[in-house]
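Coordinates as given in my_file.txt (compact mmCIF, C-alpha atoms and all ligand atoms):
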# COMPACT_ATOMS: atom_id res chain seq x y z
CA MET T 1 -55.05 48.99 25.19
CA LYS T 2 -52.01 50.14 27.08
CA LYS T 3 -52.64 51.41 30.60
CA ILE T 4 -52.27 55.13 31.10
CA ILE T 5 -50.05 56.82 33.68
CA ILE T 6 -51.58 59.93 35.18
CA THR T 7 -49.17 62.42 36.70
CA SER T 8 -50.36 65.23 38.92
CA ALA T 9 -48.20 68.37 38.77
CA LEU T 10 -49.37 69.66 42.10
CA VAL T 11 -47.71 73.00 42.69
CA GLY T 12 -45.13 74.26 40.17
CA SER T 13 -43.30 77.48 40.79
CA VAL T 14 -45.83 80.06 39.64
CA PRO T 15 -49.36 79.86 41.12
CA GLN T 16 -49.85 81.54 44.49
CA LYS T 17 -52.73 81.46 46.98
CA LYS T 18 -53.88 84.83 45.64
CA ASP T 19 -54.34 83.16 42.23
CA THR T 20 -56.13 80.12 43.60
CA PRO T 21 -56.76 79.05 47.18
CA TYR T 22 -56.46 75.44 46.00
CA VAL T 23 -52.74 75.46 45.22
CA PRO T 24 -50.84 73.55 47.91
CA ILE T 25 -47.79 75.42 49.23
CA THR T 26 -46.56 73.90 52.50
CA PRO T 27 -45.14 70.35 52.65
CA GLU T 28 -48.24 69.36 54.62
CA GLU T 29 -50.58 70.75 51.96
CA ILE T 30 -48.56 69.29 49.08
CA SER T 31 -48.42 65.83 50.65
CA GLN T 32 -52.13 65.86 51.45
CA ASP T 33 -52.95 66.80 47.85
CA ALA T 34 -50.58 64.07 46.62
CA TYR T 35 -52.39 61.52 48.76
CA GLU T 36 -55.85 62.66 47.57
CA CYS T 37 -54.70 62.52 43.92
CA PHE T 38 -53.25 59.05 44.48
CA LYS T 39 -56.59 57.87 45.85
CA VAL T 40 -58.38 58.91 42.64
CA GLY T 41 -55.85 57.53 40.15
CA ALA T 42 -52.57 59.47 39.96
CA SER T 43 -49.54 57.19 40.07
CA VAL T 44 -46.89 59.92 39.82
CA VAL T 45 -46.74 63.33 41.50
CA HIS T 46 -44.41 66.00 40.13
CA VAL T 47 -43.37 68.40 42.87
CA HIS T 48 -41.61 71.70 43.36
CA ALA T 49 -40.62 73.17 46.72
CA ARG T 50 -41.89 76.50 48.08
CA ASP T 51 -40.76 78.45 51.10
CA LYS T 52 -43.28 79.65 53.68
CA ASP T 53 -43.99 82.80 51.63
CA GLY T 54 -44.82 80.68 48.60
CA LYS T 55 -41.60 81.50 46.76
CA SER T 56 -40.20 78.69 44.59
CA VAL T 57 -36.97 77.35 46.09
CA HIS T 58 -34.64 74.44 45.47
CA ASP T 59 -34.13 73.72 49.15
CA LEU T 60 -32.92 70.29 50.16
CA GLU T 61 -34.73 70.23 53.51
CA ILE T 62 -38.05 71.37 52.06
CA PHE T 63 -37.80 68.78 49.29
CA ARG T 64 -37.01 66.13 51.88
CA GLU T 65 -39.97 67.13 54.04
CA ILE T 66 -42.35 67.02 51.06
CA HIS T 67 -40.97 63.67 49.90
CA ASP T 68 -41.11 62.06 53.35
CA LYS T 69 -44.60 63.31 54.10
CA ILE T 70 -45.89 62.00 50.75
CA LYS T 71 -44.28 58.62 51.41
CA GLU T 72 -45.85 58.50 54.87
CA LYS T 73 -49.33 59.05 53.46
CA ALA T 74 -48.99 57.13 50.18
CA PRO T 75 -45.93 54.86 50.34
CA ASP T 76 -46.59 53.41 46.87
CA LEU T 77 -46.89 56.73 45.02
CA ILE T 78 -44.03 57.68 42.67
CA VAL T 79 -42.50 61.03 43.58
CA GLN T 80 -40.91 63.05 40.80
CA ILE T 81 -38.81 66.02 41.91
CA SER T 82 -38.42 69.05 39.64
CA THR T 83 -34.96 70.14 38.58
CA GLY T 84 -36.49 72.89 36.48
CA GLY T 85 -38.67 75.82 37.16
CA ARG T 86 -37.26 79.22 37.53
CA ALA T 87 -34.51 78.39 39.94
CA GLY T 88 -31.22 79.50 38.44
CA LEU T 89 -28.62 78.25 36.03
CA THR T 90 -26.23 76.03 37.96
CA PHE T 91 -26.20 72.47 39.18
CA ASP T 92 -26.12 73.72 42.78
CA SER T 93 -29.28 75.74 42.34
CA ARG T 94 -31.15 73.11 40.31
CA GLY T 95 -29.96 69.69 41.41
CA LYS T 96 -30.63 69.85 45.17
CA GLY T 97 -33.74 67.71 45.03
CA LEU T 98 -31.72 64.81 43.59
CA LEU T 99 -29.84 64.44 46.86
CA ILE T 100 -32.88 62.88 48.53
CA ASN T 101 -32.91 60.07 45.91
CA PRO T 102 -36.45 60.38 44.58
CA GLU T 103 -37.59 57.67 42.15
CA MET T 104 -37.93 60.19 39.34
CA ALA T 105 -36.87 63.72 38.45
CA SER T 106 -37.60 66.08 35.60
CA LEU T 107 -34.80 66.90 33.15
CA SER T 108 -35.16 69.67 30.57
CA THR T 109 -32.93 69.05 27.59
CA GLY T 110 -32.70 72.52 26.10
CA SER T 111 -33.52 76.20 26.43
CA CYS T 112 -36.43 78.35 25.31
CA ASN T 113 -38.36 81.41 26.35
CA PHE T 114 -40.95 81.35 29.10
CA PRO T 115 -43.53 84.18 29.07
CA LYS T 116 -41.33 86.53 31.09
CA MET T 117 -37.87 84.99 31.13
CA VAL T 118 -35.35 82.85 29.33
CA TYR T 119 -35.52 79.24 30.48
CA GLU T 120 -31.87 78.41 30.28
CA ASN T 121 -30.48 74.87 30.39
CA SER T 122 -26.89 74.80 29.22
CA PRO T 123 -25.42 71.61 27.72
CA GLU T 124 -23.18 71.39 30.78
CA LEU T 125 -26.07 71.64 33.24
CA ILE T 126 -28.09 69.03 31.33
CA LYS T 127 -25.15 66.64 31.38
CA ASP T 128 -24.41 67.22 35.08
CA LEU T 129 -28.04 66.62 36.06
CA ALA T 130 -28.23 63.49 33.90
CA GLU T 131 -25.01 62.13 35.39
CA GLU T 132 -26.25 62.70 38.92
CA MET T 133 -29.53 60.94 38.10
CA LYS T 134 -27.66 58.02 36.59
CA LYS T 135 -25.43 57.74 39.65
CA ARG T 136 -28.43 57.74 41.98
CA LYS T 137 -30.63 55.54 39.74
CA ILE T 138 -33.24 58.27 39.39
CA LYS T 139 -35.45 57.97 36.30
CA PRO T 140 -35.48 61.19 34.29
CA GLU T 141 -38.62 62.50 32.69
CA LEU T 142 -37.35 64.39 29.64
CA GLU T 143 -39.11 67.74 29.57
CA ILE T 144 -39.63 68.84 25.97
CA PHE T 145 -40.75 72.45 25.65
CA ASP T 146 -39.73 72.74 22.02
CA THR T 147 -38.67 70.65 19.03
CA SER T 148 -34.98 71.39 19.46
CA MET T 149 -34.94 69.61 22.83
CA ILE T 150 -35.49 66.14 21.35
CA GLN T 151 -32.06 65.63 19.81
CA PRO T 152 -30.11 66.49 23.01
CA ALA T 153 -32.31 63.96 24.83
CA LEU T 154 -31.47 61.28 22.25
CA ASP T 155 -27.79 62.23 22.60
CA LEU T 156 -27.96 61.53 26.34
CA PHE T 157 -29.08 58.02 25.48
CA GLU T 158 -26.34 57.61 22.84
CA ASN T 159 -23.80 58.68 25.44
CA GLY T 160 -25.05 56.16 27.98
CA LEU T 161 -26.43 58.70 30.44
CA ILE T 162 -30.04 57.59 30.25
CA LYS T 163 -31.64 54.19 29.83
CA LYS T 164 -34.56 52.78 27.90
CA PRO T 165 -37.44 53.18 27.94
CA LEU T 166 -36.93 56.89 27.31
CA TYR T 167 -39.73 58.87 28.89
CA PHE T 168 -40.61 62.19 27.28
CA ASN T 169 -42.98 64.82 28.56
CA PHE T 170 -44.18 67.21 25.85
CA VAL T 171 -45.08 70.50 27.50
CA MET T 172 -47.32 72.32 25.05
CA GLY T 173 -49.02 75.68 24.85
CA LEU T 174 -46.61 77.67 26.99
CA LYS T 175 -46.20 81.17 25.55
CA GLY T 176 -42.70 81.45 24.09
CA ALA T 177 -42.32 77.72 23.49
CA GLN T 178 -44.07 75.13 21.33
CA SER T 179 -47.76 75.46 20.56
CA ALA T 180 -50.36 72.91 21.59
CA THR T 181 -51.36 71.66 18.16
CA VAL T 182 -51.94 68.28 16.62
CA SER T 183 -49.36 68.99 13.91
CA GLN T 184 -46.67 69.85 16.48
CA LEU T 185 -47.45 66.72 18.49
CA SER T 186 -47.27 64.48 15.44
CA HIS T 187 -43.95 66.08 14.51
CA LEU T 188 -42.58 65.35 18.00
CA LEU T 189 -43.84 61.77 17.84
CA SER T 190 -42.08 61.29 14.51
CA MET T 191 -38.79 62.24 16.18
CA ILE T 192 -38.74 59.88 19.16
CA PRO T 193 -37.88 56.17 19.11
CA GLU T 194 -40.83 53.89 18.49
CA LYS T 195 -40.59 52.20 21.87
CA ALA T 196 -40.20 55.41 23.88
CA GLU T 197 -42.94 56.31 26.34
CA TRP T 198 -44.41 59.78 26.23
CA ASN T 199 -46.47 62.00 28.40
CA ILE T 200 -48.20 65.22 27.47
CA SER T 201 -48.89 68.40 29.46
CA GLY T 202 -50.93 71.35 28.25
CA VAL T 203 -50.55 74.77 29.76
CA GLY T 204 -53.63 76.79 30.72
CA LYS T 205 -56.63 76.27 28.48
CA TYR T 206 -54.75 73.62 26.49
CA GLN T 207 -54.71 71.11 29.34
CA LEU T 208 -57.99 69.55 28.35
CA LEU T 209 -56.92 69.27 24.70
CA THR T 210 -53.63 67.58 25.60
CA THR T 211 -55.45 65.23 27.97
CA TYR T 212 -57.65 64.06 25.10
CA LEU T 213 -54.66 63.76 22.74
CA GLY T 214 -52.57 61.77 25.21
CA ILE T 215 -55.42 59.37 25.90
CA ALA T 216 -56.35 58.85 22.26
CA LEU T 217 -52.84 58.54 20.83
CA GLY T 218 -51.41 56.09 23.37
CA GLY T 219 -49.47 58.51 25.55
CA HIS T 220 -49.66 59.29 29.24
CA VAL T 221 -51.03 62.52 30.65
CA ARG T 222 -50.07 65.13 33.19
CA VAL T 223 -52.63 67.42 34.75
CA GLY T 224 -52.50 69.75 37.73
CA LEU T 225 -52.35 73.27 39.03
CA GLU T 226 -48.71 73.77 38.01
CA ASP T 227 -49.84 73.96 34.39
CA ASN T 228 -53.43 75.10 34.70
CA ILE T 229 -55.52 76.41 37.59
CA TYR T 230 -58.92 76.24 35.89
CA TYR T 231 -61.41 73.44 35.48
CA SER T 232 -63.28 75.38 32.81
CA LYS T 233 -63.42 79.03 31.81
CA GLY T 234 -63.52 81.13 34.97
CA LYS T 235 -63.96 78.12 37.29
CA LEU T 236 -61.00 77.24 39.49
CA ALA T 237 -59.97 73.60 39.77
CA THR T 238 -58.46 71.46 42.48
CA ASN T 239 -55.69 68.98 41.70
CA VAL T 240 -58.05 66.15 42.60
CA GLN T 241 -60.74 67.34 40.17
CA LEU T 242 -58.21 67.46 37.33
CA VAL T 243 -57.01 63.91 38.04
CA GLU T 244 -60.60 62.69 38.35
CA ARG T 245 -61.45 64.15 34.95
CA ALA T 246 -58.41 62.55 33.28
CA VAL T 247 -59.31 59.18 34.82
CA ARG T 248 -62.91 59.50 33.65
CA LEU T 249 -61.92 60.41 30.08
CA ALA T 250 -59.35 57.63 29.87
CA LYS T 251 -61.87 55.05 31.03
CA GLU T 252 -64.47 56.31 28.57
CA TYR T 253 -61.90 55.75 25.85
CA GLY T 254 -61.21 52.25 27.09
CA ARG T 255 -57.84 52.82 28.76
CA ASP T 256 -57.39 51.61 32.28
CA VAL T 257 -55.37 53.72 34.65
CA ALA T 258 -51.99 52.38 35.77
CA THR T 259 -51.38 51.85 39.45
CA PRO T 260 -47.98 53.03 40.72
CA SER T 261 -46.56 49.52 40.39
CA GLU T 262 -47.87 49.22 36.83
CA ALA T 263 -46.37 52.64 36.11
CA ARG T 264 -43.03 51.38 37.45
CA GLU T 265 -43.21 48.50 35.03
CA ILE T 266 -44.06 50.73 32.05
CA LEU T 267 -41.26 53.17 32.89
CA GLY T 268 -38.68 50.58 33.88
CA LEU T 269 -38.17 51.92 37.38
ZN ZN Q 301 -42.59 71.44 37.20

Please, can you express the file's structure as structure tokens?
Amino acid sequence: MKKIIITSALVGSVPQKKDTPYVPITPEEISQDAYECFKVGASVVHVHARDKDGKSVHDLEIFREIHDKIKEKAPDLIVQISTGGRAGLTFDSRGKGLLINPEMASLSTGSCNFPKMVYENSPELIKDLAEEMKKRKIKPELEIFDTSMIQPALDLFENGLIKKPLYFNFVMGLKGAQSATVSQLSHLLSMIPEKAEWNISGVGKYQLLTTYLGIALGGHVRVGLEDNIYYSKGKLATNVQLVERAVRLAKEYGRDVATPSEAREILGL
């Protein structure tokens, strides 16, 4: 069976220390968590930047500090920088992290509602981010929050802005966007090319469901406090615990966990 890539979404732009003491905020905390997750089986970490008050920022120097500290502790780990979150509508406010040339970056290919805001990604912004990634040889992870985001992703490929293997991340169960259901997942899978790679992320209580689905159906999985701060109802999780659980479930199913270099091979990095 194909090896599974486990991504840890360490921080995101929403959870604060008042929500969970386990969310890493400073570059030191984020890099330490990245290293601990790497040791238990994560081969990719997806990171956002926060300022010292915990506010989500697209700040070049903070991204650089996080990236360099992770690479110091775990040189082999794949770092994926977010170009999403709740950071504004322009290339300047969303593309800063690309300037440090990470191996990967997230790329949302459409707009939808988040629980309390519109998540807006204009065709122009999507194209500008994709062009910058192409120029810098950064592998995009295509963030699919709803069905309508698949076609624009395929168009990027048609237009030569992204290369095979396409790598989708289905974010499911976020209020305002697509639901975390088997029927929605099978619909998404029917829309992507056969040889594309896909990852799945469940928000909140759906994270465990999507972990099972990704493992069983041949996808890759993303876990972490960005999407879900609980281990089980009422019990807070750490990033490490969530990675450990995904590793355990994958192994039970008979799928070995990809090392970062195996992940590079699967994703064509
Ligand atoms: Zn993110």

To check your reading of the model: which residues sit at most 8 Å from ligand ZN 301 (chain Q) when counting all atoms listed in the file? Write the answer as a list in words.
Ala9, Val11, Gly12, Ser13, His46, Val47, His48, Ser82, Thr83, Gly84, Gly85, Ser106 and Glu226 of chain T

If you keep C-alpha atoms, can you produce a file of those selected residues as an mmCIF file, in the coordinates of the input?
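Contents of the output file part.cif:
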data_model
loop_
_atom_site.group_PDB
_atom_site.id
_atom_site.type_symbol
_atom_site.label_atom_id
_atom_site.label_comp_id
_atom_site.auth_asym_id
_atom_site.auth_seq_id
_atom_site.Cartn_x
_atom_site.Cartn_y
_atom_site.Cartn_z
ATOM 1 C CA ALA T 9 -48.200 68.370 38.770
ATOM 2 C CA VAL T 11 -47.710 73.000 42.690
ATOM 3 C CA GLY T 12 -45.130 74.260 40.170
ATOM 4 C CA SER T 13 -43.300 77.480 40.790
ATOM 5 C CA HIS T 46 -44.410 66.000 40.130
ATOM 6 C CA VAL T 47 -43.370 68.400 42.870
ATOM 7 C CA HIS T 48 -41.610 71.700 43.360
ATOM 8 C CA SER T 82 -38.420 69.050 39.640
ATOM 9 C CA THR T 83 -34.960 70.140 38.580
ATOM 10 C CA GLY T 84 -36.490 72.890 36.480
ATOM 11 C CA GLY T 85 -38.670 75.820 37.160
ATOM 12 C CA SER T 106 -37.600 66.080 35.600
ATOM 13 C CA GLU T 226 -48.710 73.770 38.010
#

Close residues, segment 56-65 of chain T itself excluded, 10 Å, only C-alpha atoms, min 2 positions apart in chain, as a PyMOL selection string:
chain T and resi 11-15+25-28+31+47-54+67-71+81-88+92-102

Non-local contacts of Gly160 of chain T (12 Å; all atoms listed in the file; under 5 positions in same chain excluded) as a VMD selection string:
chain T and resid 127 130 to 131 134 to 135 153 to 155 166

Protein and nucleic acid residues near (-35.5, 54.9, 33.5) (cut-off 12 Å, all atoms listed in the file) as an MDAnalysis selection string:
chainID T and resid 103:106 130 133:134 136:142 157 160:168 196:197 263:269

Output for the residues just chosen: C-alpha atoms as a PDB file, in the frame of the given file:
ATOM      1  CA  GLU T 103     -37.590  57.670  42.150  1.00  0.00           C
ATOM      2  CA  MET T 104     -37.930  60.190  39.340  1.00  0.00           C
ATOM      3  CA  ALA T 105     -36.870  63.720  38.450  1.00  0.00           C
ATOM      4  CA  SER T 106     -37.600  66.080  35.600  1.00  0.00           C
ATOM      5  CA  ALA T 130     -28.230  63.490  33.900  1.00  0.00           C
ATOM      6  CA  MET T 133     -29.530  60.940  38.100  1.00  0.00           C
ATOM      7  CA  LYS T 134     -27.660  58.020  36.590  1.00  0.00           C
ATOM      8  CA  ARG T 136     -28.430  57.740  41.980  1.00  0.00           C
ATOM      9  CA  LYS T 137     -30.630  55.540  39.740  1.00  0.00           C
ATOM     10  CA  ILE T 138     -33.240  58.270  39.390  1.00  0.00           C
ATOM     11  CA  LYS T 139     -35.450  57.970  36.300  1.00  0.00           C
ATOM     12  CA  PRO T 140     -35.480  61.190  34.290  1.00  0.00           C
ATOM     13  CA  GLU T 141     -38.620  62.500  32.690  1.00  0.00           C
ATOM     14  CA  LEU T 142     -37.350  64.390  29.640  1.00  0.00           C
ATOM     15  CA  PHE T 157     -29.080  58.020  25.480  1.00  0.00           C
ATOM     16  CA  GLY T 160     -25.050  56.160  27.980  1.00  0.00           C
ATOM     17  CA  LEU T 161     -26.430  58.700  30.440  1.00  0.00           C
ATOM     18  CA  ILE T 162     -30.040  57.590  30.250  1.00  0.00           C
ATOM     19  CA  LYS T 163     -31.640  54.190  29.830  1.00  0.00           C
ATOM     20  CA  LYS T 164     -34.560  52.780  27.900  1.00  0.00           C
ATOM     21  CA  PRO T 165     -37.440  53.180  27.940  1.00  0.00           C
ATOM     22  CA  LEU T 166     -36.930  56.890  27.310  1.00  0.00           C
ATOM     23  CA  TYR T 167     -39.730  58.870  28.890  1.00  0.00           C
ATOM     24  CA  PHE T 168     -40.610  62.190  27.280  1.00  0.00           C
ATOM     25  CA  ALA T 196     -40.200  55.410  23.880  1.00  0.00           C
ATOM     26  CA  GLU T 197     -42.940  56.310  26.340  1.00  0.00           C
ATOM     27  CA  ALA T 263     -46.370  52.640  36.110  1.00  0.00           C
ATOM     28  CA  ARG T 264     -43.030  51.380  37.450  1.00  0.00           C
ATOM     29  CA  GLU T 265     -43.210  48.500  35.030  1.00  0.00           C
ATOM     30  CA  ILE T 266     -44.060  50.730  32.050  1.00  0.00           C
ATOM     31  CA  LEU T 267     -41.260  53.170  32.890  1.00  0.00           C
ATOM     32  CA  GLY T 268     -38.680  50.580  33.880  1.00  0.00           C
ATOM     33  CA  LEU T 269     -38.170  51.920  37.380  1.00  0.00           C
TER      34      LEU T 269
END

What lies within 9 Å of Asn199 of chain T using only C-alpha atoms, ignoring chain neighbours under 2 positions off, as a list of chain:residue names?
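Contacts, in chain order: T:Ile5, T:Ile6, T:Thr7, T:Glu141, T:Tyr167, T:Phe168, T:Asn169, T:Phe170, T:Val171, T:Glu197, T:Ser201, T:Gly214, T:Gly219, T:His220, T:Val221, T:Arg222.
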
Which residues come within 6 Å of Arg255 of chain T, counting all atoms listed in the file, excluding same-chain residues fewer than 3 positions away, as a PyMOL selection string?
chain T and resi 1+3+250-251

Can you tell me how far atom CA of Val257 of chain T sits from atom CA of Val45 of chain T, in Å to one decimal?
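Those two atoms sit 14.6 Å apart.
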
Residues near segment 228-234 of chain T, anyone? I mean within 6 Å using all atoms listed in the file, not counting same-chain ones fewer than 2 positions away, as a ChimeraX atom specification.
/T:203-204,225-226,236-237

So what do you get for atom CA of Glu143 of chain T versus atom CA of Gln80 of chain T, distance-wise?
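So the answer is 12.3 Å.
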
Taking all atoms listed in the file into account, which of T:Glu252, T:Ser179, T:Pro123, T:Val40 comes nearest Leu209 of chain T?
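That would be T:Ser179, the residue with the smallest distance to Leu209 of chain T.
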
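We find atom CA of Ala34 of chain T and atom CA of Lys205 of chain T to be spaced 22.7 Å apart.
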
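The closest residue to Ile4 of chain T, picked from T:Asp146, T:Val240, T:Ala177, T:Leu217 and counting only C-alpha atoms, is T:Leu217.
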
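Distance check against Asp128 of chain T using all atoms listed in the file: of T:Ser8, T:Thr90, T:Ser111, T:Gln184, the minimum falls on T:Thr90.
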
May I ask which of the residues T:Tyr35, T:Phe145, T:Phe91, T:Tyr253 is the closest one to Gly202 of chain T, counting only C-alpha atoms?
T:Phe145
